$ cat entry-v7.pdb   # PDB, C-alpha atoms, pLDDT in the B column
ATOM      1  CA  MET A   1     -44.987 -19.569-101.508  1.00 65.00           C
ATOM      2  CA  ALA A   2     -46.963 -22.515-100.108  1.00 71.00           C
ATOM      3  CA  LYS A   3     -45.920 -26.060-100.894  1.00 86.00           C
ATOM      4  CA  VAL A   4     -48.019 -28.047-103.339  1.00 88.00           C
ATOM      5  CA  PHE A   5     -47.867 -31.340-101.462  1.00 84.00           C
ATOM      6  CA  GLU A   6     -48.858 -30.529 -97.902  1.00 88.00           C
ATOM      7  CA  LYS A   7     -51.799 -30.848 -95.539  1.00 88.00           C
ATOM      8  CA  GLY A   8     -54.538 -28.277 -96.059  1.00 87.00           C
ATOM      9  CA  LEU A   9     -56.642 -26.400 -93.532  1.00 86.00           C
ATOM     10  CA  ASN A  10     -59.891 -27.907 -94.836  1.00 88.00           C
ATOM     11  CA  SER A  11     -60.017 -31.559 -93.730  1.00 86.00           C
ATOM     12  CA  PHE A  12     -62.464 -32.394 -96.532  1.00 86.00           C
ATOM     13  CA  ASN A  13     -59.773 -31.534 -99.069  1.00 86.00           C
ATOM     14  CA  ASN A  14     -57.152 -33.780 -97.501  1.00 85.00           C
ATOM     15  CA  VAL A  15     -56.351 -37.366 -98.410  1.00 79.00           C
ATOM     16  CA  SER A  16     -54.136 -39.862 -96.608  1.00 77.00           C
ATOM     17  CA  VAL A  17     -51.494 -42.040 -98.236  1.00 78.00           C
ATOM     18  CA  GLY A  18     -49.026 -44.546 -96.850  1.00 75.00           C
ATOM     19  CA  LYS A  19     -50.137 -46.202 -93.641  1.00 69.00           C
ATOM     20  CA  ASN A  20     -53.830 -46.013 -94.521  1.00 63.00           C
ATOM     21  CA  PHE A  21     -53.264 -48.681 -97.180  1.00 55.00           C
ATOM     22  CA  THR A  22     -53.961 -51.971 -95.415  1.00 57.00           C
ATOM     23  CA  SER A  23     -52.575 -53.978 -98.316  1.00 65.00           C
ATOM     24  CA  GLU A  24     -51.007 -53.625-101.728  1.00 76.00           C
ATOM     25  CA  THR A  25     -54.383 -54.331-103.290  1.00 82.00           C
ATOM     26  CA  SER A  26     -55.703 -50.983-102.003  1.00 83.00           C
ATOM     27  CA  TYR A  27     -53.118 -49.229-104.146  1.00 87.00           C
ATOM     28  CA  ILE A  28     -53.914 -51.397-107.175  1.00 93.00           C
ATOM     29  CA  ILE A  29     -57.696 -51.073-106.925  1.00 94.00           C
ATOM     30  CA  GLY A  30     -57.335 -47.290-106.793  1.00 93.00           C
ATOM     31  CA  TYR A  31     -56.588 -47.233-110.531  1.00 96.00           C
ATOM     32  CA  TRP A  32     -59.734 -49.276-111.223  1.00 97.00           C
ATOM     33  CA  GLU A  33     -61.843 -46.916-109.112  1.00 97.00           C
ATOM     34  CA  ALA A  34     -60.307 -43.851-110.760  1.00 97.00           C
ATOM     35  CA  GLY A  35     -61.252 -45.222-114.168  1.00 97.00           C
ATOM     36  CA  ASP A  36     -64.829 -45.830-113.018  1.00 97.00           C
ATOM     37  CA  LEU A  37     -65.145 -42.306-111.633  1.00 96.00           C
ATOM     38  CA  LEU A  38     -63.945 -40.800-114.902  1.00 95.00           C
ATOM     39  CA  VAL A  39     -66.352 -42.945-116.932  1.00 95.00           C
ATOM     40  CA  ASP A  40     -69.283 -41.964-114.710  1.00 93.00           C
ATOM     41  CA  MET A  41     -68.346 -38.310-114.978  1.00 90.00           C
ATOM     42  CA  ALA A  42     -68.041 -38.572-118.746  1.00 91.00           C
ATOM     43  CA  ILE A  43     -71.287 -40.368-119.554  1.00 90.00           C
ATOM     44  CA  THR A  44     -73.762 -39.514-116.797  1.00 85.00           C
ATOM     45  CA  THR A  45     -73.379 -35.783-117.289  1.00 77.00           C
ATOM     46  CA  ASN A  46     -73.040 -36.047-121.089  1.00 77.00           C
ATOM     47  CA  ASN A  47     -69.733 -34.245-120.643  1.00 77.00           C
ATOM     48  CA  PRO A  48     -68.856 -32.402-123.876  1.00 81.00           C
ATOM     49  CA  GLN A  49     -65.163 -32.945-123.105  1.00 83.00           C
ATOM     50  CA  ARG A  50     -65.541 -36.703-122.623  1.00 87.00           C
ATOM     51  CA  ASP A  51     -63.435 -37.484-125.704  1.00 90.00           C
ATOM     52  CA  ARG A  52     -60.306 -36.214-123.980  1.00 90.00           C
ATOM     53  CA  LEU A  53     -61.035 -38.450-120.982  1.00 93.00           C
ATOM     54  CA  PHE A  54     -60.698 -41.630-123.047  1.00 94.00           C
ATOM     55  CA  LEU A  55     -56.922 -41.976-122.682  1.00 94.00           C
ATOM     56  CA  PRO A  56     -56.835 -41.277-118.905  1.00 95.00           C
ATOM     57  CA  ILE A  57     -59.724 -43.723-118.404  1.00 96.00           C
ATOM     58  CA  CYS A  58     -58.084 -46.533-120.350  1.00 96.00           C
ATOM     59  CA  TYR A  59     -54.674 -45.805-118.846  1.00 97.00           C
ATOM     60  CA  ASN A  60     -56.097 -46.278-115.351  1.00 97.00           C
ATOM     61  CA  TYR A  61     -57.917 -49.458-116.318  1.00 98.00           C
ATOM     62  CA  ARG A  62     -54.956 -50.988-118.119  1.00 97.00           C
ATOM     63  CA  HIS A  63     -52.546 -50.070-115.336  1.00 97.00           C
ATOM     64  CA  PHE A  64     -54.916 -51.732-112.867  1.00 97.00           C
ATOM     65  CA  LEU A  65     -54.819 -54.926-114.948  1.00 98.00           C
ATOM     66  CA  GLU A  66     -51.030 -54.879-115.221  1.00 97.00           C
ATOM     67  CA  LEU A  67     -50.476 -54.289-111.510  1.00 96.00           C
ATOM     68  CA  ASN A  68     -53.082 -56.899-110.586  1.00 97.00           C
ATOM     69  CA  LEU A  69     -51.513 -59.593-112.760  1.00 97.00           C
ATOM     70  CA  LYS A  70     -48.053 -58.835-111.356  1.00 97.00           C
ATOM     71  CA  TYR A  71     -49.403 -58.997-107.825  1.00 96.00           C
ATOM     72  CA  LEU A  72     -51.110 -62.344-108.463  1.00 97.00           C
ATOM     73  CA  ILE A  73     -47.926 -63.796-109.965  1.00 96.00           C
ATOM     74  CA  LEU A  74     -46.032 -62.988-106.771  1.00 95.00           C
ATOM     75  CA  GLU A  75     -48.854 -64.346-104.637  1.00 95.00           C
ATOM     76  CA  ALA A  76     -49.134 -67.549-106.684  1.00 95.00           C
ATOM     77  CA  GLU A  77     -45.379 -68.150-106.539  1.00 94.00           C
ATOM     78  CA  GLU A  78     -45.411 -67.764-102.767  1.00 92.00           C
ATOM     79  CA  LEU A  79     -48.199 -70.336-102.481  1.00 93.00           C
ATOM     80  CA  TYR A  80     -46.430 -72.705-104.839  1.00 91.00           C
ATOM     81  CA  TYR A  81     -43.258 -72.741-102.743  1.00 90.00           C
ATOM     82  CA  LEU A  82     -45.321 -73.433 -99.626  1.00 89.00           C
ATOM     83  CA  LEU A  83     -46.976 -76.373-101.372  1.00 88.00           C
ATOM     84  CA  GLU A  84     -43.660 -77.595-102.734  1.00 87.00           C
ATOM     85  CA  LYS A  85     -42.235 -77.648 -99.225  1.00 83.00           C
ATOM     86  CA  GLU A  86     -44.829 -80.271 -98.305  1.00 79.00           C
ATOM     87  CA  ASN A  87     -44.756 -81.941-101.742  1.00 83.00           C
ATOM     88  CA  MET A  88     -48.384 -80.868-102.275  1.00 80.00           C
ATOM     89  CA  GLN A  89     -47.975 -78.994-105.576  1.00 82.00           C
ATOM     90  CA  ASN A  90     -50.074 -79.991-108.565  1.00 85.00           C
ATOM     91  CA  LYS A  91     -46.989 -80.191-110.778  1.00 90.00           C
ATOM     92  CA  ASP A  92     -43.476 -78.779-110.739  1.00 91.00           C
ATOM     93  CA  TYR A  93     -42.910 -75.118-111.452  1.00 89.00           C
ATOM     94  CA  LYS A  94     -39.497 -74.558-113.004  1.00 86.00           C
ATOM     95  CA  ASN A  95     -39.653 -70.822-113.646  1.00 86.00           C
ATOM     96  CA  ASN A  96     -39.213 -67.745-111.518  1.00 86.00           C
ATOM     97  CA  PHE A  97     -41.331 -65.041-113.096  1.00 90.00           C
ATOM     98  CA  SER A  98     -41.219 -62.819-110.027  1.00 87.00           C
ATOM     99  CA  ASN A  99     -37.703 -61.771-111.095  1.00 87.00           C
ATOM    100  CA  GLU A 100     -38.957 -60.741-114.527  1.00 91.00           C
ATOM    101  CA  ILE A 101     -42.288 -58.997-113.968  1.00 92.00           C
ATOM    102  CA  ASN A 102     -40.766 -55.546-113.514  1.00 91.00           C
ATOM    103  CA  ASN A 103     -39.103 -55.801-116.925  1.00 92.00           C
ATOM    104  CA  THR A 104     -42.335 -55.986-118.924  1.00 94.00           C
ATOM    105  CA  HIS A 105     -45.596 -54.100-119.401  1.00 95.00           C
ATOM    106  CA  ASN A 106     -47.033 -56.779-121.691  1.00 96.00           C
ATOM    107  CA  ILE A 107     -50.239 -57.900-119.961  1.00 97.00           C
ATOM    108  CA  ASN A 108     -50.710 -60.887-122.269  1.00 97.00           C
ATOM    109  CA  LYS A 109     -47.278 -62.186-121.264  1.00 96.00           C
ATOM    110  CA  LEU A 110     -48.095 -61.546-117.609  1.00 97.00           C
ATOM    111  CA  LEU A 111     -51.370 -63.438-117.931  1.00 97.00           C
ATOM    112  CA  ASN A 112     -49.619 -66.408-119.553  1.00 96.00           C
ATOM    113  CA  TRP A 113     -47.068 -66.449-116.736  1.00 96.00           C
ATOM    114  CA  LEU A 114     -49.852 -66.428-114.174  1.00 97.00           C
ATOM    115  CA  LEU A 115     -51.605 -69.317-115.938  1.00 96.00           C
ATOM    116  CA  ILE A 116     -48.408 -71.376-115.843  1.00 95.00           C
ATOM    117  CA  ILE A 117     -48.092 -70.941-112.064  1.00 95.00           C
ATOM    118  CA  LEU A 118     -51.788 -71.545-111.406  1.00 96.00           C
ATOM    119  CA  ALA A 119     -51.590 -74.824-113.321  1.00 94.00           C
ATOM    120  CA  CYS A 120     -48.882 -75.947-110.883  1.00 93.00           C
ATOM    121  CA  ILE A 121     -51.167 -75.149-107.950  1.00 93.00           C
ATOM    122  CA  SER A 122     -54.631 -76.166-109.040  1.00 91.00           C
ATOM    123  CA  ASP A 123     -56.585 -78.131-111.653  1.00 89.00           C
ATOM    124  CA  ASP A 124     -59.100 -75.272-112.003  1.00 90.00           C
ATOM    125  CA  LYS A 125     -59.238 -73.749-115.477  1.00 93.00           C
ATOM    126  CA  PHE A 126     -58.924 -70.021-116.082  1.00 95.00           C
ATOM    127  CA  SER A 127     -62.024 -68.494-117.674  1.00 96.00           C
ATOM    128  CA  LYS A 128     -61.715 -68.273-121.459  1.00 97.00           C
ATOM    129  CA  ALA A 129     -64.081 -65.289-121.462  1.00 97.00           C
ATOM    130  CA  ILE A 130     -61.869 -63.350-119.017  1.00 98.00           C
ATOM    131  CA  ASN A 131     -58.771 -64.355-120.964  1.00 97.00           C
ATOM    132  CA  LYS A 132     -60.359 -62.904-124.098  1.00 98.00           C
ATOM    133  CA  LEU A 133     -61.279 -59.633-122.374  1.00 98.00           C
ATOM    134  CA  ILE A 134     -57.733 -59.158-121.062  1.00 97.00           C
ATOM    135  CA  PHE A 135     -56.375 -59.875-124.536  1.00 97.00           C
ATOM    136  CA  GLU A 136     -58.565 -57.062-125.883  1.00 96.00           C
ATOM    137  CA  PHE A 137     -56.648 -54.615-123.683  1.00 96.00           C
ATOM    138  CA  HIS A 138     -53.383 -56.192-124.798  1.00 96.00           C
ATOM    139  CA  LYS A 139     -54.231 -55.846-128.487  1.00 95.00           C
ATOM    140  CA  ILE A 140     -54.925 -52.152-128.261  1.00 95.00           C
ATOM    141  CA  ASP A 141     -51.955 -51.450-125.962  1.00 94.00           C
ATOM    142  CA  GLU A 142     -49.192 -54.072-126.055  1.00 92.00           C
ATOM    143  CA  THR A 143     -46.500 -51.940-124.428  1.00 91.00           C
ATOM    144  CA  GLY A 144     -48.349 -49.856-121.854  1.00 92.00           C
ATOM    145  CA  GLN A 145     -47.649 -46.712-123.895  1.00 92.00           C
ATOM    146  CA  THR A 146     -50.743 -46.362-126.121  1.00 92.00           C
ATOM    147  CA  PHE A 147     -52.963 -44.875-123.422  1.00 92.00           C
ATOM    148  CA  ARG A 148     -50.089 -43.046-121.782  1.00 93.00           C
ATOM    149  CA  TYR A 149     -48.814 -40.990-124.718  1.00 90.00           C
ATOM    150  CA  LEU A 150     -50.350 -39.558-127.868  1.00 88.00           C
ATOM    151  CA  LYS A 151     -47.415 -40.787-129.960  1.00 88.00           C
ATOM    152  CA  SER A 152     -45.015 -43.709-129.874  1.00 86.00           C
ATOM    153  CA  LYS A 153     -41.256 -43.412-129.380  1.00 87.00           C
ATOM    154  CA  ASP A 154     -41.010 -43.413-133.175  1.00 87.00           C
ATOM    155  CA  ASP A 155     -43.284 -40.349-133.322  1.00 89.00           C
ATOM    156  CA  ILE A 156     -46.226 -42.359-134.703  1.00 88.00           C
ATOM    157  CA  ILE A 157     -49.693 -41.331-133.502  1.00 89.00           C
ATOM    158  CA  HIS A 158     -51.295 -44.251-131.660  1.00 89.00           C
ATOM    159  CA  PHE A 159     -54.846 -43.529-132.833  1.00 87.00           C
ATOM    160  CA  LYS A 160     -54.265 -42.130-136.284  1.00 86.00           C
ATOM    161  CA  ASN A 161     -57.768 -42.910-137.570  1.00 88.00           C
ATOM    162  CA  ARG A 162     -61.005 -41.570-136.131  1.00 89.00           C
ATOM    163  CA  GLU A 163     -62.659 -44.232-133.973  1.00 89.00           C
ATOM    164  CA  GLU A 164     -65.454 -44.350-131.421  1.00 92.00           C
ATOM    165  CA  PHE A 165     -65.545 -46.514-128.290  1.00 94.00           C
ATOM    166  CA  ASP A 166     -68.294 -47.265-125.776  1.00 96.00           C
ATOM    167  CA  LEU A 167     -67.030 -46.196-122.332  1.00 95.00           C
ATOM    168  CA  GLU A 168     -69.784 -48.103-120.523  1.00 96.00           C
ATOM    169  CA  LYS A 169     -68.780 -51.311-122.310  1.00 97.00           C
ATOM    170  CA  ILE A 170     -65.142 -50.788-121.368  1.00 97.00           C
ATOM    171  CA  LYS A 171     -66.121 -50.156-117.754  1.00 97.00           C
ATOM    172  CA  ASN A 172     -68.227 -53.341-117.643  1.00 98.00           C
ATOM    173  CA  ALA A 173     -65.386 -55.388-119.123  1.00 98.00           C
ATOM    174  CA  VAL A 174     -62.977 -54.189-116.430  1.00 98.00           C
ATOM    175  CA  TYR A 175     -65.620 -54.937-113.798  1.00 98.00           C
ATOM    176  CA  LYS A 176     -65.808 -58.555-114.984  1.00 98.00           C
ATOM    177  CA  ILE A 177     -62.035 -58.917-115.152  1.00 98.00           C
ATOM    178  CA  GLY A 178     -61.464 -57.205-111.820  1.00 97.00           C
ATOM    179  CA  ASN A 179     -63.955 -59.345-109.935  1.00 97.00           C
ATOM    180  CA  TYR A 180     -62.578 -62.520-111.462  1.00 97.00           C
ATOM    181  CA  LEU A 181     -58.986 -61.627-110.561  1.00 97.00           C
ATOM    182  CA  MET A 182     -60.095 -60.673-107.044  1.00 95.00           C
ATOM    183  CA  GLY A 183     -61.589 -64.155-106.755  1.00 96.00           C
ATOM    184  CA  ILE A 184     -58.198 -65.637-107.611  1.00 96.00           C
ATOM    185  CA  ASP A 185     -56.590 -63.351-105.047  1.00 95.00           C
ATOM    186  CA  ILE A 186     -58.971 -64.605-102.347  1.00 94.00           C
ATOM    187  CA  TYR A 187     -58.298 -68.229-103.322  1.00 94.00           C
ATOM    188  CA  LEU A 188     -54.518 -67.761-103.187  1.00 95.00           C
ATOM    189  CA  SER A 189     -54.672 -65.852 -99.909  1.00 91.00           C
ATOM    190  CA  GLU A 190     -56.928 -68.359 -98.128  1.00 92.00           C
ATOM    191  CA  HIS A 191     -55.009 -71.341 -99.485  1.00 88.00           C
ATOM    192  CA  SER A 192     -51.742 -69.795 -98.283  1.00 87.00           C
ATOM    193  CA  LYS A 193     -53.187 -69.261 -94.791  1.00 89.00           C
ATOM    194  CA  PHE A 194     -54.308 -72.891 -94.680  1.00 84.00           C
ATOM    195  CA  ILE A 195     -50.943 -74.250 -95.829  1.00 83.00           C
ATOM    196  CA  LYS A 196     -49.027 -72.026 -93.420  1.00 84.00           C
ATOM    197  CA  ALA A 197     -51.221 -73.250 -90.555  1.00 83.00           C
ATOM    198  CA  TYR A 198     -50.699 -76.836 -91.686  1.00 76.00           C
ATOM    199  CA  ILE A 199     -46.917 -76.416 -91.865  1.00 78.00           C
ATOM    200  CA  CYS A 200     -46.882 -74.756 -88.439  1.00 79.00           C
ATOM    201  CA  GLU A 201     -48.877 -77.642 -86.937  1.00 74.00           C
ATOM    202  CA  MET A 202     -46.598 -80.262 -88.524  1.00 71.00           C
ATOM    203  CA  GLU A 203     -43.485 -78.497 -87.277  1.00 64.00           C
ATOM    204  CA  SER A 204     -45.026 -78.160 -83.812  1.00 66.00           C
ATOM    205  CA  ASN A 205     -45.781 -81.886 -83.713  1.00 59.00           C
ATOM    206  CA  TYR A 206     -42.280 -82.702 -84.878  1.00 55.00           C
ATOM    207  CA  ASN A 207     -40.734 -80.464 -82.228  1.00 56.00           C
ATOM    208  CA  TRP A 208     -42.899 -82.038 -79.516  1.00 46.00           C
ATOM    209  CA  GLU A 209     -41.887 -85.536 -80.564  1.00 52.00           C
ATOM    210  CA  TYR A 210     -38.247 -84.528 -80.669  1.00 49.00           C
ATOM    211  CA  GLU A 211     -38.398 -82.974 -77.206  1.00 54.00           C
ATOM    212  CA  HIS A 212     -40.106 -86.044 -75.724  1.00 51.00           C
ATOM    213  CA  GLN A 213     -38.156 -88.747 -77.456  1.00 56.00           C
ATOM    214  CA  ASP A 214     -36.235 -89.487 -74.247  1.00 53.00           C
ATOM    215  CA  ASP A 215     -39.542 -90.070 -72.449  1.00 56.00           C
ATOM    216  CA  TYR A 216     -40.602 -92.494 -75.184  1.00 50.00           C
ATOM    217  CA  TYR A 217     -37.312 -94.370 -74.952  1.00 51.00           C
ATOM    218  CA  TYR A 218     -37.501 -94.574 -71.149  1.00 51.00           C
ATOM    219  CA  ASN A 219     -41.147 -95.723 -71.044  1.00 55.00           C
ATOM    220  CA  ASN A 220     -40.585 -98.451 -73.613  1.00 56.00           C
ATOM    221  CA  TYR A 221     -37.311 -99.896 -72.427  1.00 52.00           C
ATOM    222  CA  TYR A 222     -37.384 -99.503 -68.635  1.00 51.00           C
TER     223      TYR A 222
END
$ encode --input "entry-v7.pdb" --output "structure tokens"
Amino acid sequence: MAKVFEKGLNSFNNVSVGKNFTSETSYIIGYWEAGDLLVDMAITTNNPQRDRLFLPICYNYRHFLELNLKYLILEAEELYYLLEKENMQNKDYKNNFSNEINNTHNINKLLNWLLIILACISDDKFSKAINKLIFEFHKIDETGQTFRYLKSKDDIIHFKNREEFDLEKIKNAVYKIGNYLMGIDIYLSEHSKFIKAYICEMESNYNWEYEHQDDYYYNNYY
């Protein structure tokens, strides 16, 4: 019997995982893209089974938000410690959320943690509109289980009343959130590169001065 997870004979059926990911963001964005593909399939073809796609769609979108916020927390902490090394931080950061992010699926808590770190790095204000959109996902799924399972651990149906939701509106909301968070990612990444280059230059200058201090002493006293 053939294995399930193996390379196929038809190259068009094969996908690559592992080394083809150039960064962690490729893995994270995949959940966003999967949600978009499911929405497009559900609404552009007027798919009669689109109701059953709602949970997979929202699971992908919410998981993208959770992973993205966790990633940005780690990235922001790294930048903060670089700034702190040169006493260039906006204000002191006395937490260490990177040790706690794997113990929660609460995206509102993750967002608040991110805002705390960002305030220690920059005076820029986080968009209230984006904050509100993320909170909408938190309200409907506080634990990361609502879109994942039909029932809670207490055997309570998550959506016990008949409701209707606009998939296109959900997709557009994630688009706005995703692009905004990607902007923060770019800011943190570029700022980190700049600070690392600055630190490297300062250390290089210090090392040069240290290595030539004998020359300075000789030229000034002899």
$ resolve_selection --input "entry-v7.pdb" --expression "the PyMOL selection byres ((chain A and resi 166-179) around 8)" --output "number ranges by chain"
A: 32, 35-36, 39, 43, 54, 61, 65, 130, 133-134, 164-165, 180-183
$ atom_distance --input "entry-v7.pdb" --atom1 "atom CA of Thr104 of chain A" --atom2 "atom CA of Lys70 of chain A"
9.9 Å
$ closest_residue --input "entry-v7.pdb" --among "A:Phe159, A:Tyr187, A:Tyr31, A:Trp113" --to "Pro56 of chain A" --atoms "only C-alpha atoms"
A:Tyr31
$ residues_around --input "entry-v7.pdb" --residues "Ile199 of chain A" --least-positions-apart "6" --cutoff "10 Å" --atoms "only C-alpha atoms" --output "PyMOL selection string"
chain A and resi 82-83+85-86+193+205
$ write_last_selection --input "entry-v7.pdb" --atoms "C-alpha atoms" --output "mmCIF file, in the frame of the given file"
data_model
loop_
_atom_site.group_PDB
_atom_site.id
_atom_site.type_symbol
_atom_site.label_atom_id
_atom_site.label_comp_id
_atom_site.auth_asym_id
_atom_site.auth_seq_id
_atom_site.Cartn_x
_atom_site.Cartn_y
_atom_site.Cartn_z
ATOM 1 C CA LEU A 82 -45.321 -73.433 -99.626
ATOM 2 C CA LEU A 83 -46.976 -76.373 -101.372
ATOM 3 C CA LYS A 85 -42.235 -77.648 -99.225
ATOM 4 C CA GLU A 86 -44.829 -80.271 -98.305
ATOM 5 C CA LYS A 193 -53.187 -69.261 -94.791
ATOM 6 C CA ASN A 205 -45.781 -81.886 -83.713
#
$ atom_distance --input "entry-v7.pdb" --atom1 "atom CA of Asp185 of chain A" --atom2 "atom CA of Asn87 of chain A"
22.3 Å
$ resolve_selection --input "entry-v7.pdb" --expression "the PyMOL selection byres ((chain A and resi 66) around 8)" --output "MDAnalysis selection string"
chainID A and resid 62:65 67:70 105:107 110
$ residues_around --input "entry-v7.pdb" --residues "Gln89 of chain A" --least-positions-apart "2" --cutoff "12 Å" --atoms "all atoms listed in the file" --output "compact mmCIF listing (two decimals) with C-alpha atoms, keeping the file's coordinate frame"
# COMPACT_ATOMS: atom_id res chain seq x y z
CA ALA A 76 -49.13 -67.55 -106.68
CA GLU A 77 -45.38 -68.15 -106.54
CA GLU A 78 -45.41 -67.76 -102.77
CA LEU A 79 -48.20 -70.34 -102.48
CA TYR A 80 -46.43 -72.70 -104.84
CA TYR A 81 -43.26 -72.74 -102.74
CA LEU A 82 -45.32 -73.43 -99.63
CA LEU A 83 -46.98 -76.37 -101.37
CA GLU A 84 -43.66 -77.60 -102.73
CA LYS A 85 -42.24 -77.65 -99.22
CA GLU A 86 -44.83 -80.27 -98.30
CA ASN A 87 -44.76 -81.94 -101.74
CA LYS A 91 -46.99 -80.19 -110.78
CA ASP A 92 -43.48 -78.78 -110.74
CA TYR A 93 -42.91 -75.12 -111.45
CA ILE A 117 -48.09 -70.94 -112.06
CA LEU A 118 -51.79 -71.54 -111.41
CA ALA A 119 -51.59 -74.82 -113.32
CA CYS A 120 -48.88 -75.95 -110.88
CA ILE A 121 -51.17 -75.15 -107.95
CA SER A 122 -54.63 -76.17 -109.04
CA ASP A 123 -56.58 -78.13 -111.65
CA ILE A 195 -50.94 -74.25 -95.83
$ closest_residue --input "entry-v7.pdb" --among "A:Leu37, A:Leu74, A:Phe12, A:Lys3" --to "Leu188 of chain A" --atoms "only C-alpha atoms"
A:Leu74
$ atom_distance --input "entry-v7.pdb" --atom1 "atom CA of Ser11 of chain A" --atom2 "atom CA of Tyr59 of chain A"
29.4 Å
$ closest_residue --input "entry-v7.pdb" --among "A:Leu9, A:Ala2, A:Cys58, A:Ile73" --to "Asn102 of chain A" --atoms "only C-alpha atoms"
A:Ile73
$ closest_residue --input "entry-v7.pdb" --among "A:Ser189, A:Asn13, A:Thr45, A:Thr143" --to "Asn103 of chain A" --atoms "all atoms listed in the file"
A:Thr143
